[in-house]
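Colleague: Provided herewith is a single structure, encoded as structure tokens, for subsequent inquiry.
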Amino acid sequence: TTLTWELIRIVNLTKYWFYRVLYKSHVEEAKRQCEPEDEASFGLGSRMGIASLMSAMTLVCCTVSPLILVFAIVYFAIGRVTYGYLLVHVETKKPDLGGLFWMEAVQQVFFILALFVLLMTGVLAGQGKTYMSGPAAVAFSASLALYAMWYRINSFEWETLPLEQMA
């Protein structure tokens, strides 16, 4: 329901009708007055944050209940259609900060994966007879691979690229 609520864009719709009915503005003037939407609630950064949160909840909860994967696939499929339509056909063009938002989302997913590795290590360690049983040690070793990927991702020069690499 939250994705369909974003399709309605209720704040923009209310402002549009406010200018159309109360001020008797023309269609183009009312449209100009109701744009842009509130960046704190409906902007690209908040959308990326919500997508990161939903993917984090999916990653953590899928081990407890694999059925959540079905709901996550449906959510992200509807989100793809919704945001694709809004960005291309409805909203005004904005400066592109996709790289910054993308890197922040990647950092958040790495943090969630680190918490997930620690959680699974604790759960598996609680099941064993000794403090660090075999499955818990294997689960904790995943943190080494996670750190290696985090280091690799953070070593990219994504903010500025040399001209030689661009060509």
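In the structure tokens, each chain is lettered A, B, ... as it comes, each chain's residues begin at 1, and ligands are numbered from 1 in order of appearance.
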Pick out the residues sitting within 10 Å of Val60 in chain A, and hand them over as a PDB file with C-alpha atoms, in the first residue's frame; count only C-alpha atoms, and ignore anything fewer than 2 positions along from it in its own chain.

Modeller:
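After the write, part-v2.pdb holds the following:
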ATOM      1  CA  SER A  55      16.293  -5.387   1.701  1.00  0.00           C
ATOM      2  CA  ALA A  56      17.894  -5.545   5.163  1.00  0.00           C
ATOM      3  CA  MET A  57      14.710  -6.889   6.716  1.00  0.00           C
ATOM      4  CA  THR A  58      14.460  -9.431   3.922  1.00  0.00           C
ATOM      5  CA  CYS A  62      14.553 -14.921   5.336  1.00  0.00           C
ATOM      6  CA  THR A  63      16.453 -17.418   7.491  1.00  0.00           C
ATOM      7  CA  VAL A  64      13.662 -17.437  10.050  1.00  0.00           C
ATOM      8  CA  SER A  65      10.818 -17.540   7.538  1.00  0.00           C
ATOM      9  CA  ILE A 112      23.221  -5.229   8.051  1.00  0.00           C
ATOM     10  CA  LEU A 113      25.226  -8.192   6.737  1.00  0.00           C
ATOM     11  CA  LEU A 115      24.993  -7.702  12.091  1.00  0.00           C
ATOM     12  CA  PHE A 116      23.544 -10.794  10.432  1.00  0.00           C
ATOM     13  CA  VAL A 117      26.885 -12.636  10.610  1.00  0.00           C
ATOM     14  CA  LEU A 119      23.635 -12.806  14.980  1.00  0.00           C
ATOM     15  CA  MET A 120      24.080 -16.164  13.247  1.00  0.00           C
TER      16      MET A 120
END

Colleague: Could you list, as a VMD selection string, every residue within 10 Å of range 131-144 of chain A, counting only C-alpha atoms and ignoring same-chain residues fewer than 2 positions away?

Modeller: chain A and resid 113 to 129 146 to 150

Colleague: May I ask for the distance between CA of Thr92 in chain A and CA of Glu35 in chain A, given in Å to one decimal place?

Modeller: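 For CA of Thr92 in chain A relative to CA of Glu35 in chain A, the distance reads 7.4 Å.
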
Colleague: Counting only C-alpha atoms, which residue out of A:Val106, A:Ala51, A:Ala30, A:Leu3 sits closest to Asn154 in chain A?

Modeller: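 Once distances to Asn154 in chain A are computed over only C-alpha atoms, the minimum belongs to A:Val106.
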
Colleague: Could you tell me how far CA of Leu100 in chain A sits from CA of Gly49 in chain A, in Å to one decimal place?

Modeller: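 Distance reported for this atom pair: 12.0 Å.
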
Colleague: List the neighbours of range 82-87 of chain A out to 7 Å using only C-alpha atoms; skip same-chain residues closer than 3 positions along the sequence, and give me the result as a list in words.

Modeller: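 Selected residues are Leu3, Leu7, Ile78, Gly79, Val90 and Glu91 of chain A.
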
Colleague: Could you tell me how far CA of Ser25 in chain A lies from CA of Glu6 in chain A, in Å and to one decimal?

Modeller: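 Separation of CA of Ser25 in chain A and CA of Glu6 in chain A: 24.8 Å.
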
Colleague: I need the alpha helix (DSSP H) residues of range 12-124 of chain A per DSSP on the backbone, written as a ChimeraX atom specification.

Modeller: /A:12-17,27-34,39-42,44-61,68-85,98-124

Colleague: Nearest to Glu157 in chain A: which of A:Tyr16, A:Tyr75, A:Glu28, A:Met103 is it, counting only C-alpha atoms?

Modeller: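 Ranked by minimum distance to Glu157 in chain A, first place goes to A:Met103.
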